[in-house]
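Participant: Below you'll find the structure I mean.
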Amino acid sequence: MQPYIYEILKIVLQTIDEGVHVIDENGRTIIYNKAMAELEGMDADEVVNRPLLDVFPSLDQDSSTLLRVLRTEEELIDRPQTYLNNHHKEITTINTTVPIYFQGNKVGALEISKNITKIKQLSGQIMTLQLQLSKPDKKETEKIRKFTFESIIGNSTEFIKAIHYAKKAAYSSSSVLIYGETGTGKELVAQSIHYGSHRAVEPFIPQNCAALPESLLEGILFGTSKGGFTGAIDRPGLFEQANGGTIFLDEMNSMGLQLQSKLLRVLQEGYVRRVGGIKDIPIDVRIIASTNQDPYDAIDKGTLRKDLFYRLNVIPIILPPLRERKDDIRLLSSWFIQKYNRKLSKNVQTIDPLVLDAFQEYRWPGNVRELENTIEGAMNIIEKEEILRKEHFPPQTNAKIFALYQNQDTFPVEDLTNTLTKIEKDLILRALKDCNNNISRASEKLGIKRQTLQHKLKKFNIDLS
């Protein structure tokens, strides 16, 4: 490389608009460009050649995107991060972070950052205005349907086991973690636990953590304090509003790691602090959280803090997908037909056996919610007939469900998921046999973490005794 190329790279580094921050393999800053210094309101001399956590004490090994990439060697693309500099100024950035290698060896990590602090402030103002305009009326709140265990339909063995755990959870105030794919009924179970508990007369407040950016979600959960950011007012968050009752955090694995650390503090200490505030507000709130991703996989991928998982996973409830509860498809179909008979003034008495056979073969990626929507669509089409048939379903459903069933061979074909599940279970059993049921050695042989193997043993009902 020509010597002048280095000078060109230096000029580019110092003139681009994005912040650039590079650390070495020991976590010390070696490159810190002008844009990053302006973004964080610091001088390069305060950062370069110093350990990252000494300069940014609000971060740790998990919440720092640079240190996480240095440890895991996995790229992070457009990941938000909110932190304090050593002057206690809050900064919010969108980061792309990658590991750096030289001659095959890891030598550090590089981060390119965009400043979205002002965007976060504007978002906070919008959030405050929205909540002021949409504050629910008490009479309207009372009209919201409250689900109980009597609302839950299903007879399959694994589903009954999950509901048994949920009923036991209703007698406790311990944290609950519900794991299930989208559409398996996680909020239905969470509501049933709440309304079956001694907290039933107090609020049940759900919040989907995937529905809002982290900068907005923090203010909604913990509230805001006047002066916390431009336009902020004193406003209680959902935790304060749910005091005495239950808060349901749906898709909690979508929550940013820094916000997860604040949630962990609430669980440990029993108080919240509003965004921009200094006062600790005591609360008595039960947390029910859910994840649509296997929590052990989420921990391995770095999207779920291990310490938060153990704090929430006091009472674990695993809801099986509909493809594993095929015996319930007939029961659920009848239930939804009666529901939409009442709602749409229809008189459907039953469903064509050929339709039910197709339903049994379909994989239902959207689970119970998809089954309900499919039947609701057909119930809108049927007129005075009493039997729900294939022709009552729209073309998209025919192409998706019935075409697959009609085109299959004489011999039944198991879907890919069931086949892979059997292969996975067989590999685990073989590894355990080869290792004389030693979990540590078997997990090493399989190339997975010990805790992941323990979770799979429970999932597959493998007893080592």
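Please note that chains go A, B, ... in the order of the structure tokens, that every chain numbers its residues from 1, and that ligands are numbered from 1 in the order shown.
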Near Ile401 of chain A, counting only C-alpha atoms, which residues have an atom at most 9 Å away, once you skip same-chain residues fewer than 3 positions from it, shown as a VMD selection string?

Facilitator: chain A and resid 358 to 359 361 to 363 396 to 398 404 to 405

Participant: Those residues with N, CA and C atoms, as a PDB file, in the first residue's frame please?

Facilitator:
```
ATOM      1  N   ALA A 358     -57.988 -31.825   6.295  1.00  0.00           N
ATOM      2  CA  ALA A 358     -57.000 -30.870   5.781  1.00  0.00           C
ATOM      3  C   ALA A 358     -56.413 -30.039   6.912  1.00  0.00           C
ATOM      4  N   PHE A 359     -57.278 -29.639   7.853  1.00  0.00           N
ATOM      5  CA  PHE A 359     -56.810 -28.883   9.019  1.00  0.00           C
ATOM      6  C   PHE A 359     -55.777 -29.700   9.809  1.00  0.00           C
ATOM      7  N   GLU A 361     -53.691 -31.868   8.706  1.00  0.00           N
ATOM      8  CA  GLU A 361     -52.419 -31.995   7.997  1.00  0.00           C
ATOM      9  C   GLU A 361     -51.652 -30.684   7.900  1.00  0.00           C
ATOM     10  N   TYR A 362     -52.353 -29.558   8.041  1.00  0.00           N
ATOM     11  CA  TYR A 362     -51.720 -28.252   7.887  1.00  0.00           C
ATOM     12  C   TYR A 362     -50.856 -27.939   9.115  1.00  0.00           C
ATOM     13  N   ARG A 363     -49.804 -27.171   8.919  1.00  0.00           N
ATOM     14  CA  ARG A 363     -48.828 -26.917   9.986  1.00  0.00           C
ATOM     15  C   ARG A 363     -49.255 -25.802  10.946  1.00  0.00           C
ATOM     16  N   GLN A 396     -57.153 -17.915  -1.128  1.00  0.00           N
ATOM     17  CA  GLN A 396     -55.841 -17.979  -0.481  1.00  0.00           C
ATOM     18  C   GLN A 396     -55.764 -19.156   0.488  1.00  0.00           C
ATOM     19  N   THR A 397     -56.865 -19.384   1.236  1.00  0.00           N
ATOM     20  CA  THR A 397     -56.896 -20.506   2.171  1.00  0.00           C
ATOM     21  C   THR A 397     -56.885 -21.829   1.427  1.00  0.00           C
ATOM     22  N   ASN A 398     -57.629 -21.900   0.320  1.00  0.00           N
ATOM     23  CA  ASN A 398     -57.647 -23.123  -0.487  1.00  0.00           C
ATOM     24  C   ASN A 398     -56.242 -23.458  -0.983  1.00  0.00           C
ATOM     25  N   LEU A 404     -52.393 -28.409  -0.484  1.00  0.00           N
ATOM     26  CA  LEU A 404     -51.345 -29.254   0.074  1.00  0.00           C
ATOM     27  C   LEU A 404     -51.908 -30.611   0.457  1.00  0.00           C
ATOM     28  N   TYR A 405     -53.091 -30.601   1.051  1.00  0.00           N
ATOM     29  CA  TYR A 405     -53.711 -31.850   1.496  1.00  0.00           C
ATOM     30  C   TYR A 405     -54.102 -32.710   0.305  1.00  0.00           C
TER      31      TYR A 405
END
```

Participant: Identify, on the basis of only C-alpha atoms, every residue whose closest approach to His198 of chain A does not exceed 9 Å; exclude the query and any residue fewer than 6 positions from it along the same chain; express the result as a CSV table (one decimal) with C-alpha atoms, in the first residue's frame.

Facilitator:
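Listed below is the output, out-v8.csv:
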```
chain,number,residue,atom,x,y,z
A,170,ALA,CA,-52.5,-17.9,40.1
A,171,TYR,CA,-52.1,-18.7,43.8
A,172,SER,CA,-48.6,-17.1,43.9
A,173,SER,CA,-47.1,-13.6,43.4
```

Participant: Enumerate, as a PyMOL selection string, the complete set of residues in segment 145-310 of chain A that a backbone-based DSSP assignment places in alpha helix (DSSP H).

Facilitator: chain A and resi 157-169+186-195+214-222+238-241+257-269+295-301+306-310

Participant: Counting only C-alpha atoms, what is within 6 Å of Ala442 of chain A, bar same-chain residues fewer than 5 positions away, as a list of chain:residue names?

Facilitator: A:Ala431, A:Leu432, A:Cys435

Participant: Selection from above, C-alpha atoms, as a PDB file, in the first residue's frame, can you write it?

Facilitator:
```
ATOM      1  CA  ALA A 431     -24.995 -38.457  22.924  1.00  0.00           C
ATOM      2  CA  LEU A 432     -26.258 -39.203  26.433  1.00  0.00           C
ATOM      3  CA  CYS A 435     -21.436 -40.160  27.640  1.00  0.00           C
TER       4      CYS A 435
END
```

Participant: Quick one: residues within 7 Å of segment 58-63 of chain A, only C-alpha atoms counted, chain neighbours fewer than 3 positions away excluded, as a PyMOL selection string?

Facilitator: chain A and resi 53+67-68+83-84+257-258

Participant: Using only C-alpha atoms, which residues sit within 7 Å of segment 175-189 of chain A once same-chain residues fewer than 3 positions away are excluded, as a PyMOL selection string?

Facilitator: chain A and resi 147+192-193+286-294+312-321+366-369

Participant: May I have the residues from that selection written out with C-alpha atoms, as a PDB file, in the first residue's frame?

Facilitator:
```
ATOM      1  CA  PHE A 147     -60.227 -13.811  30.127  1.00  0.00           C
ATOM      2  CA  SER A 192     -56.263 -16.025  33.374  1.00  0.00           C
ATOM      3  CA  ILE A 193     -53.455 -16.122  35.931  1.00  0.00           C
ATOM      4  CA  ARG A 286     -46.418  -8.896  39.658  1.00  0.00           C
ATOM      5  CA  ILE A 287     -44.601  -9.416  36.365  1.00  0.00           C
ATOM      6  CA  ILE A 288     -45.726 -11.978  33.829  1.00  0.00           C
ATOM      7  CA  ALA A 289     -43.439 -11.979  30.807  1.00  0.00           C
ATOM      8  CA  SER A 290     -43.561 -13.911  27.558  1.00  0.00           C
ATOM      9  CA  THR A 291     -41.184 -14.774  24.757  1.00  0.00           C
ATOM     10  CA  ASN A 292     -41.931 -16.119  21.279  1.00  0.00           C
ATOM     11  CA  GLN A 293     -38.379 -17.475  21.040  1.00  0.00           C
ATOM     12  CA  ASP A 294     -36.865 -20.323  23.041  1.00  0.00           C
ATOM     13  CA  LEU A 312     -38.404 -14.102  35.627  1.00  0.00           C
ATOM     14  CA  ASN A 313     -38.346 -17.859  35.113  1.00  0.00           C
ATOM     15  CA  VAL A 314     -39.576 -18.662  38.629  1.00  0.00           C
ATOM     16  CA  ILE A 315     -42.711 -20.282  37.218  1.00  0.00           C
ATOM     17  CA  PRO A 316     -42.058 -21.367  33.606  1.00  0.00           C
ATOM     18  CA  ILE A 317     -45.019 -22.165  31.367  1.00  0.00           C
ATOM     19  CA  ILE A 318     -44.465 -23.644  27.894  1.00  0.00           C
ATOM     20  CA  LEU A 319     -47.446 -23.411  25.519  1.00  0.00           C
ATOM     21  CA  PRO A 320     -47.233 -26.019  22.747  1.00  0.00           C
ATOM     22  CA  PRO A 321     -47.882 -24.929  19.136  1.00  0.00           C
ATOM     23  CA  GLY A 366     -49.931 -18.789  13.148  1.00  0.00           C
ATOM     24  CA  ASN A 367     -51.276 -21.354  15.614  1.00  0.00           C
ATOM     25  CA  VAL A 368     -54.695 -20.940  17.282  1.00  0.00           C
ATOM     26  CA  ARG A 369     -54.994 -17.342  16.121  1.00  0.00           C
TER      27      ARG A 369
END
```

Participant: Counting only C-alpha atoms, what is within 8 Å of Trp364 of chain A, bar same-chain residues fewer than 6 positions away, as a list in words?

Facilitator: Leu322, Arg323, Glu370 and Leu371 of chain A

Participant: With N, CA and C atoms retained, export the selected residues as a PDB file, in the first residue's frame.

Facilitator:
```
ATOM      1  N   LEU A 322     -49.908 -25.297  17.865  1.00  0.00           N
ATOM      2  CA  LEU A 322     -51.095 -26.047  17.458  1.00  0.00           C
ATOM      3  C   LEU A 322     -50.729 -27.327  16.717  1.00  0.00           C
ATOM      4  N   ARG A 323     -49.625 -27.339  15.988  1.00  0.00           N
ATOM      5  CA  ARG A 323     -49.230 -28.554  15.252  1.00  0.00           C
ATOM      6  C   ARG A 323     -48.903 -29.701  16.197  1.00  0.00           C
ATOM      7  N   GLU A 370     -54.379 -18.211  13.931  1.00  0.00           N
ATOM      8  CA  GLU A 370     -54.577 -18.433  12.500  1.00  0.00           C
ATOM      9  C   GLU A 370     -55.798 -19.311  12.248  1.00  0.00           C
ATOM     10  N   LEU A 371     -55.996 -20.336  13.076  1.00  0.00           N
ATOM     11  CA  LEU A 371     -57.179 -21.196  12.933  1.00  0.00           C
ATOM     12  C   LEU A 371     -58.454 -20.377  13.113  1.00  0.00           C
TER      13      LEU A 371
END
```

Participant: Of the candidates A:Thr93, A:Glu74, A:Asn33, A:Thr421, which one gets nearest to Glu324 of chain A if we count only C-alpha atoms?

Facilitator: A:Thr421

Participant: Counting only C-alpha atoms, which residues of segment 305-367 of chain A sit at most 7 Å from some atom of segment 381-392 of chain A, and what is each one's closest atom pair with its distance in Å to one decimal, listed by chain and rising residue number, as JSON lines?

Facilitator:
```
{"residue": "A:Asn347", "atom": "CA", "partner": "A:Glu386", "partner_atom": "CA", "distance": 5.9}
{"residue": "A:Val348", "atom": "CA", "partner": "A:Glu386", "partner_atom": "CA", "distance": 4.1}
{"residue": "A:Gln349", "atom": "CA", "partner": "A:Glu386", "partner_atom": "CA", "distance": 5.2}
{"residue": "A:Thr350", "atom": "CA", "partner": "A:Ile387", "partner_atom": "CA", "distance": 5.2}
{"residue": "A:Ile351", "atom": "CA", "partner": "A:Leu388", "partner_atom": "CA", "distance": 4.6}
{"residue": "A:Asp352", "atom": "CA", "partner": "A:Arg389", "partner_atom": "CA", "distance": 5.3}
{"residue": "A:Val355", "atom": "CA", "partner": "A:Lys390", "partner_atom": "CA", "distance": 6.1}
```

Participant: Could those residues be written to a file, using C-alpha atoms, as a CSV table (one decimal), in the first residue's frame?

Facilitator:
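Output file again.csv is given in full below:
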```csv
chain,number,residue,atom,x,y,z
A,347,ASN,CA,-76.6,-21.2,11.9
A,348,VAL,CA,-73.6,-23.5,11.1
A,349,GLN,CA,-73.9,-26.8,12.9
A,350,THR,CA,-70.7,-28.6,11.9
A,351,ILE,CA,-67.7,-28.7,9.7
A,352,ASP,CA,-67.1,-31.0,6.7
A,355,VAL,CA,-62.0,-29.8,5.9
```

Participant: Between A:Met379, A:Ala399, A:Ala211, A:Ala166, which is the closest to Gln338 of chain A once you count only C-alpha atoms?

Facilitator: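 Nearest candidate to Gln338 of chain A out of A:Met379, A:Ala399, A:Ala211, A:Ala166: A:Met379.
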
Participant: Taking the DSSP assignment computed from this structure's backbone, write out as a list of chain:residue names all residues of segment 130-225 of chain A that belong to strand (DSSP E or B).

Facilitator: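 The strand (DSSP E or B) subset of segment 130-225 of chain A is A:Val176, A:Leu177, A:Ile178, A:Tyr179, A:Phe204, A:Ile205, A:Pro206, A:Gln207, A:Asn208, A:Thr224.
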
Participant: In Å, how far is it from atom CA of Val275 of chain A to atom CA of Thr96 of chain A?

Facilitator: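 Separation of atom CA of Val275 of chain A and atom CA of Thr96 of chain A: 25.8 Å.
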
Participant: What is the atom CA of Val272 of chain A to atom CA of Phe222 of chain A distance in Å?

Facilitator: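 Value for the atom CA of Val272 of chain A-atom CA of Phe222 of chain A distance: 6.3 Å.
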
Participant: Could you name the residues that touch Asp300 of chain A at 12 Å or less, counting only C-alpha atoms, but leaving out those on the same chain fewer than 6 positions away, as a PyMOL selection string?

Facilitator: chain A and resi 72+74+293-294+306+309+448-452
